[in-house]
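Quick notes on the structure that follows.
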Amino acid sequence: MSTPENNENVAKAAPGSGVPAITSDDVAKKSWFARLPIVSHLRQSVGLQRGMLVTGLVLCGIVLICAIFAPLIAPYGFNQLGTADGNFGSKLPPGGTHIWGTTVGGYDVFSRVVWGAQTAVAVIIVAVIMSIFAGVILGLVSGYLGGWLDRILVVIADAVYAFPTLLLALVMSIAISGGQSSAWGGIAAAAFSITVVFIPQYFRVVRAETLRLKAEPFVESAIVLGASKTRIISKHIFRNATRTLPLIFTLNSSEAILTLAGLGFLGFGIEPTSASEWGYDLNKALPDVTSGVWWTSVYPGLAIVLTVLGITLVGESMNDLNDPRLRVRRKAKTKIAKSVEVK
């Protein structure tokens with residue numbers, strides 16, 4: 001005989017559907033995974049939004065695979081000019097042992113593009129994580145405490161935000177490394193340069209949310225109960241003020257790729273003997289375009305475009321799915337479809 005306690009753990013299943021009943025414990029075990037940003041958006045998406053999200057995830061996945069397994073995928077090193085049989089040769093067309101040809105300097109184009117994914121991902125991770133860490137802390141403190149500290153931070157953030165992104169990153173890159181450095185030194189310099197540009201964006205978003213949440217009843221209740229400012233900021237405001245960070249992360253990641261490519265294209269990126277960088281390869285491929293050598297510029301350019309496209313598609317899909325109006329329409333359509341099936 002079933003008891004109420006047992007009934008609470010059993011979900012209702014349609015008679016004759018052949019679908020086993022799912023307990024609430026199973027749902028609870030899956031809930032933490034279902035709440036993850038990308039997973040939750042993928043479950044909610046339908047139609048064109050799902051197509052955009054899946055396409056973006058596939059492109060981003062290819063870049064991540066190339067970055068992680070670059071030593072296994074790339075047939076040669078990023079600065080390798082030859083083998084035991086001799087040098088590769090300059091401007092060799094695609095085919096044979098060099099499926100994407102070689103550059104004017106004698107580098108294998110396919111290997112340079114694959115190794116370039118590793119540099120791009122490293123810069124994105126370092127730059128965006130540092131900018132999130134600094135921007136979130138400054139936004140929380142500025143928005144909650146207010147006063148003269150808030151006014152000073154707002155003025156500084158607006159001043160930095162007013163500068164063109166690439167110009168500010170260029171100045172910071174020159175100041176940090178003089179435009180030339182080793183692999184990790186160049187990655188760190190590019191990351192620091194991009195971090196300075198991105199901090200005001202996170203600062204402004206988190207500060208605006210903090211100002212809104214500060215007037216909410218649950219925050220006022222915590223103040224009445226005697227909670228400290230540190231506890232209120234970390235426990236009550238932090239989680240609610242940072243819900244949009246995954247979306248900003250995706251949008252800033254694509255901008256970080258373009259900024260890194262711009263630094264490399266202008267000659268202030270990473271030296272080719274230290275690491276592979278798509279923007280630098282594009283800069284060296286400019287003279288080849290007029291002579292009919294297209295492969296030295298097309299493949300690095302496609303790598304930049306497809307990477308930015310993939311990240312942008314993921315970000316735009318998440319932005320659309322975060323709109324409550326879209327979720328309401330989707331639920332309404334689902335209910336209508338179910339009612340039609342029942343009839």
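In the structure tokens, chains take the letters A, B, ... in the order shown, each chain's residues start at 1, and ligands count up from 1 in the order shown.
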
Could you give me, as JSON lines, a per-residue list for region 73-177 of chain A showing, wherever an atom lies at most 10 Å from an atom of region 215-235 of chain A, the closest pair of atoms and their distance in Å to one decimal, using only C-alpha atoms and sorting by chain then residue number from low to high?
```
{"residue": "A:Ile137", "atom": "CA", "partner": "A:Ile233", "partner_atom": "CA", "distance": 9.7}
{"residue": "A:Leu140", "atom": "CA", "partner": "A:Ile233", "partner_atom": "CA", "distance": 6.8}
{"residue": "A:Val141", "atom": "CA", "partner": "A:Ile233", "partner_atom": "CA", "distance": 7.9}
{"residue": "A:Gly143", "atom": "CA", "partner": "A:Ile233", "partner_atom": "CA", "distance": 9.9}
{"residue": "A:Tyr144", "atom": "CA", "partner": "A:Ile233", "partner_atom": "CA", "distance": 7.6}
{"residue": "A:Leu145", "atom": "CA", "partner": "A:Lys229", "partner_atom": "CA", "distance": 8.7}
```

### Task
List the neighbours of Phe133 (chain A) out to 12 Å using only C-alpha atoms; skip same-chain residues closer than 2 positions along the sequence, and give me the result as a VMD selection string.
chain A and resid 125 to 131 135 to 140 195 to 196 198 to 200 202 to 203 206 242 245 249

Let's have the selection written as a tab-separated table (two decimals), in the first residue's frame, with C-alpha atoms.
```tsv
chain	number	residue	atom	x	y	z
A	125	ILE	CA	40.45	33.56	-20.19
A	126	VAL	CA	43.06	35.78	-18.53
A	127	ALA	CA	41.60	39.10	-19.69
A	128	VAL	CA	37.93	38.44	-19.06
A	129	ILE	CA	38.47	36.75	-15.69
A	130	MET	CA	40.63	39.64	-14.45
A	131	SER	CA	38.17	42.24	-15.71
A	135	GLY	CA	34.78	45.14	-12.24
A	136	VAL	CA	32.42	43.16	-10.00
A	137	ILE	CA	34.20	44.13	-6.78
A	138	LEU	CA	34.37	47.81	-7.71
A	139	GLY	CA	30.74	47.81	-8.86
A	140	LEU	CA	29.46	46.20	-5.67
A	195	THR	CA	41.30	44.08	-18.93
A	196	VAL	CA	41.61	47.83	-18.53
A	198	PHE	CA	36.58	45.80	-19.99
A	199	ILE	CA	36.56	46.77	-16.29
A	200	PRO	CA	34.26	49.81	-16.82
A	202	TYR	CA	31.37	45.18	-15.68
A	203	PHE	CA	31.60	48.04	-13.20
A	206	VAL	CA	27.07	45.59	-11.49
A	242	THR	CA	25.81	39.14	-11.31
A	245	LEU	CA	27.65	38.25	-16.28
A	249	PHE	CA	31.29	37.41	-20.79
```

### Message
Please report the interatomic distance between CA of Leu170 (chain A) and CA of Glu255 (chain A) in Å with one decimal.
### Response
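Between CA of Leu170 (chain A) and CA of Glu255 (chain A) the gap works out to 14.3 Å.
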
### Message
Env of Ala157 (chain A): 9 Å cut, atoms = only C-alpha atoms, seq-sep filter 3 positions within chain, self excluded. Answer as number ranges by chain.
### Response
A: 152-154, 160-162, 199-201, 203-204

### Message
Between CA of Gly89 (chain A) and CA of Trp295 (chain A), what distance in Å does the model show, to one decimal?
### Response
14.5 Å

What are the nearest atom pairs, with distances in Å to one decimal, for all residues of region 239-296 of chain A that come at most 12 Å from region 55-73 of chain A, using only C-alpha atoms, set out by chain and rising residue number as CSV?
```
residue,atom,partner,partner_atom,distance
A:Thr250,CA,A:Cys60,CA,10.6
A:Ser253,CA,A:Cys60,CA,11.0
A:Ser254,CA,A:Cys60,CA,10.7
A:Ile257,CA,A:Val63,CA,12.0
A:Ser276,CA,A:Ala70,CA,11.2
```

### strand (DSSP E or B) positions in region 27-175 of chain A, given as a PyMOL selection string
chain A and resi 82-83+86-87+95+98+102+108

Since we have the selection now, will you write its residues out, keeping N, CA and C atoms, as a PDB file, in the first residue's frame?
```pdb
ATOM      1  N   GLY A  82      61.047  24.024 -40.990  1.00  0.00           N
ATOM      2  CA  GLY A  82      61.432  22.890 -41.826  1.00  0.00           C
ATOM      3  C   GLY A  82      61.537  21.615 -41.016  1.00  0.00           C
ATOM      4  N   THR A  83      61.930  20.556 -41.699  1.00  0.00           N
ATOM      5  CA  THR A  83      62.129  19.244 -41.079  1.00  0.00           C
ATOM      6  C   THR A  83      63.548  18.775 -41.375  1.00  0.00           C
ATOM      7  N   GLY A  86      64.726  19.319 -44.945  1.00  0.00           N
ATOM      8  CA  GLY A  86      64.992  20.655 -45.456  1.00  0.00           C
ATOM      9  C   GLY A  86      63.921  21.647 -45.039  1.00  0.00           C
ATOM     10  N   ASN A  87      64.084  22.888 -45.486  1.00  0.00           N
ATOM     11  CA  ASN A  87      63.119  23.934 -45.164  1.00  0.00           C
ATOM     12  C   ASN A  87      61.832  23.737 -45.962  1.00  0.00           C
ATOM     13  N   GLY A  95      48.254  22.160 -50.440  1.00  0.00           N
ATOM     14  CA  GLY A  95      48.345  20.832 -51.029  1.00  0.00           C
ATOM     15  C   GLY A  95      49.550  20.086 -50.510  1.00  0.00           C
ATOM     16  N   HIS A  98      51.513  20.433 -46.917  1.00  0.00           N
ATOM     17  CA  HIS A  98      51.039  21.702 -46.365  1.00  0.00           C
ATOM     18  C   HIS A  98      49.628  21.962 -46.922  1.00  0.00           C
ATOM     19  N   THR A 102      52.111  27.618 -47.226  1.00  0.00           N
ATOM     20  CA  THR A 102      53.087  28.217 -46.311  1.00  0.00           C
ATOM     21  C   THR A 102      53.087  29.738 -46.489  1.00  0.00           C
ATOM     22  N   ASP A 108      54.191  26.960 -41.802  1.00  0.00           N
ATOM     23  CA  ASP A 108      53.009  26.224 -42.236  1.00  0.00           C
ATOM     24  C   ASP A 108      51.754  26.962 -41.771  1.00  0.00           C
TER      25      ASP A 108
END
```

### Query
At what distance in Å, to one decimal, does CA of Ile187 (chain A) lie from CA of Ser274 (chain A)?
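Going from CA of Ser274 (chain A) over to CA of Ile187 (chain A), I get 10.2 Å.
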
### Message
Which residue is closest to Ala159 (chain A)? Choose from A:Val197, A:Ala175, A:Ala84, A:Met318 and count only C-alpha atoms.
### Response
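Counting only C-alpha atoms, the residue closest to Ala159 (chain A) is A:Val197.
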
#### Entry: DSSP helix (DSSP H, G or I) selection over region 68-305 of chain A, as a ChimeraX atom specification
/A:68,70-73,109-145,147-162,165-177,183-214,217-224,229-241,245-265,278-289,295-305

### Query
So, counting only C-alpha atoms, which residue among A:Glu277, A:Phe268, A:Asn319, A:Ile99 is closest to Arg243 (chain A)?
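Nearest to Arg243 (chain A): A:Asn319.
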
### Task
Would you kindly return, as JSON, numbers by chain, each protein, DNA or RNA residue with an atom no farther than 12 Å from any atom of region 188-190 of chain A, considering only C-alpha atoms and excluding same-chain residues fewer than 6 positions away?
{"A": [119, 120, 122, 123, 124, 125, 126, 127, 128, 130, 166, 168, 169, 170, 171, 172, 173, 174, 175, 176, 177, 178, 179, 180, 181, 182, 196, 197, 256, 257, 258, 259, 260, 261, 262, 263, 264, 268, 269, 270, 277]}

Got time to write the residues from that selection, N, CA and C atoms, as a compact mmCIF listing (two decimals), in the first residue's frame?
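And here is the file that came out, result-v2.txt:
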```
# COMPACT_ATOMS: atom_id res chain seq x y z
N THR A 119 46.54 30.72 -28.34
CA THR A 119 46.83 32.08 -27.87
C THR A 119 45.55 32.86 -27.62
N ALA A 120 44.59 32.75 -28.54
CA ALA A 120 43.34 33.49 -28.41
C ALA A 120 42.57 33.08 -27.17
N ALA A 122 43.75 31.66 -24.45
CA ALA A 122 44.49 32.06 -23.25
C ALA A 122 44.26 33.53 -22.93
N VAL A 123 44.28 34.38 -23.95
CA VAL A 123 44.05 35.81 -23.73
C VAL A 123 42.63 36.07 -23.25
N ILE A 124 41.65 35.38 -23.84
CA ILE A 124 40.25 35.56 -23.41
C ILE A 124 40.09 35.18 -21.94
N ILE A 125 40.62 34.03 -21.57
CA ILE A 125 40.45 33.56 -20.19
C ILE A 125 41.10 34.53 -19.21
N VAL A 126 42.35 34.90 -19.47
CA VAL A 126 43.06 35.78 -18.53
C VAL A 126 42.42 37.16 -18.47
N ALA A 127 42.12 37.73 -19.65
CA ALA A 127 41.60 39.10 -19.69
C ALA A 127 40.21 39.21 -19.09
N VAL A 128 39.31 38.33 -19.51
CA VAL A 128 37.93 38.44 -19.06
C VAL A 128 37.80 38.10 -17.58
N MET A 130 40.11 38.52 -15.23
CA MET A 130 40.63 39.64 -14.45
C MET A 130 39.68 40.82 -14.47
N LEU A 166 40.54 49.92 -29.00
CA LEU A 166 41.81 49.51 -29.56
C LEU A 166 42.92 50.49 -29.22
N LEU A 168 43.16 52.46 -26.56
CA LEU A 168 43.53 52.30 -25.16
C LEU A 168 44.35 51.02 -24.95
N ALA A 169 43.93 49.94 -25.62
CA ALA A 169 44.69 48.69 -25.51
C ALA A 169 46.08 48.84 -26.10
N LEU A 170 46.20 49.61 -27.17
CA LEU A 170 47.50 49.85 -27.80
C LEU A 170 48.43 50.61 -26.86
N VAL A 171 47.90 51.64 -26.23
CA VAL A 171 48.71 52.42 -25.30
C VAL A 171 49.14 51.56 -24.11
N MET A 172 48.22 50.77 -23.59
CA MET A 172 48.56 49.92 -22.45
C MET A 172 49.56 48.85 -22.84
N SER A 173 49.46 48.31 -24.04
CA SER A 173 50.39 47.29 -24.50
C SER A 173 51.80 47.86 -24.61
N ILE A 174 51.91 49.08 -25.13
CA ILE A 174 53.22 49.72 -25.23
C ILE A 174 53.79 50.01 -23.85
N ALA A 175 52.93 50.46 -22.95
CA ALA A 175 53.39 50.79 -21.60
C ALA A 175 53.82 49.55 -20.83
N ILE A 176 53.14 48.41 -21.07
CA ILE A 176 53.44 47.20 -20.30
C ILE A 176 54.66 46.48 -20.85
N SER A 177 54.70 46.28 -22.17
CA SER A 177 55.75 45.42 -22.73
C SER A 177 56.55 46.08 -23.84
N GLY A 178 56.24 47.31 -24.18
CA GLY A 178 56.93 47.93 -25.29
C GLY A 178 56.54 47.35 -26.63
N GLY A 179 55.48 46.53 -26.65
CA GLY A 179 55.00 45.95 -27.90
C GLY A 179 55.71 44.67 -28.29
N GLN A 180 56.76 44.27 -27.58
CA GLN A 180 57.48 43.05 -27.90
C GLN A 180 57.71 42.26 -26.62
N SER A 181 57.45 40.98 -26.65
CA SER A 181 57.65 40.16 -25.45
C SER A 181 57.59 38.69 -25.83
N SER A 182 57.78 37.85 -24.83
CA SER A 182 57.72 36.41 -25.02
C SER A 182 56.27 35.96 -25.14
N VAL A 196 41.86 46.42 -18.83
CA VAL A 196 41.61 47.83 -18.53
C VAL A 196 40.42 48.35 -19.31
N VAL A 197 40.25 47.85 -20.52
CA VAL A 197 39.13 48.29 -21.36
C VAL A 197 37.81 47.72 -20.86
N ALA A 256 37.40 40.78 -27.20
CA ALA A 256 38.79 40.50 -26.83
C ALA A 256 39.56 39.90 -28.01
N ILE A 257 38.90 39.03 -28.78
CA ILE A 257 39.54 38.44 -29.96
C ILE A 257 39.89 39.53 -30.97
N LEU A 258 38.95 40.44 -31.21
CA LEU A 258 39.19 41.51 -32.17
C LEU A 258 40.28 42.46 -31.69
N THR A 259 40.29 42.76 -30.38
CA THR A 259 41.32 43.64 -29.84
C THR A 259 42.69 42.99 -29.93
N LEU A 260 42.78 41.71 -29.61
CA LEU A 260 44.05 40.99 -29.74
C LEU A 260 44.52 40.96 -31.18
N ALA A 261 43.59 40.70 -32.11
CA ALA A 261 43.95 40.68 -33.53
C ALA A 261 44.39 42.07 -34.00
N GLY A 262 43.73 43.12 -33.48
CA GLY A 262 44.13 44.48 -33.85
C GLY A 262 45.51 44.82 -33.36
N LEU A 263 45.84 44.41 -32.13
CA LEU A 263 47.18 44.65 -31.61
C LEU A 263 48.23 43.93 -32.45
N GLY A 264 47.95 42.68 -32.80
CA GLY A 264 48.88 41.94 -33.62
C GLY A 264 49.01 42.50 -35.03
N PHE A 268 52.00 45.27 -32.53
CA PHE A 268 52.25 45.38 -31.09
C PHE A 268 51.76 44.15 -30.34
N GLY A 269 51.72 43.04 -31.03
CA GLY A 269 51.26 41.82 -30.41
C GLY A 269 52.41 40.94 -29.96
N ILE A 270 52.28 39.65 -30.23
CA ILE A 270 53.25 38.66 -29.77
C ILE A 270 54.19 38.32 -30.92
N GLU A 277 49.83 34.11 -33.56
CA GLU A 277 48.75 35.07 -33.33
C GLU A 277 48.18 35.46 -34.68
```
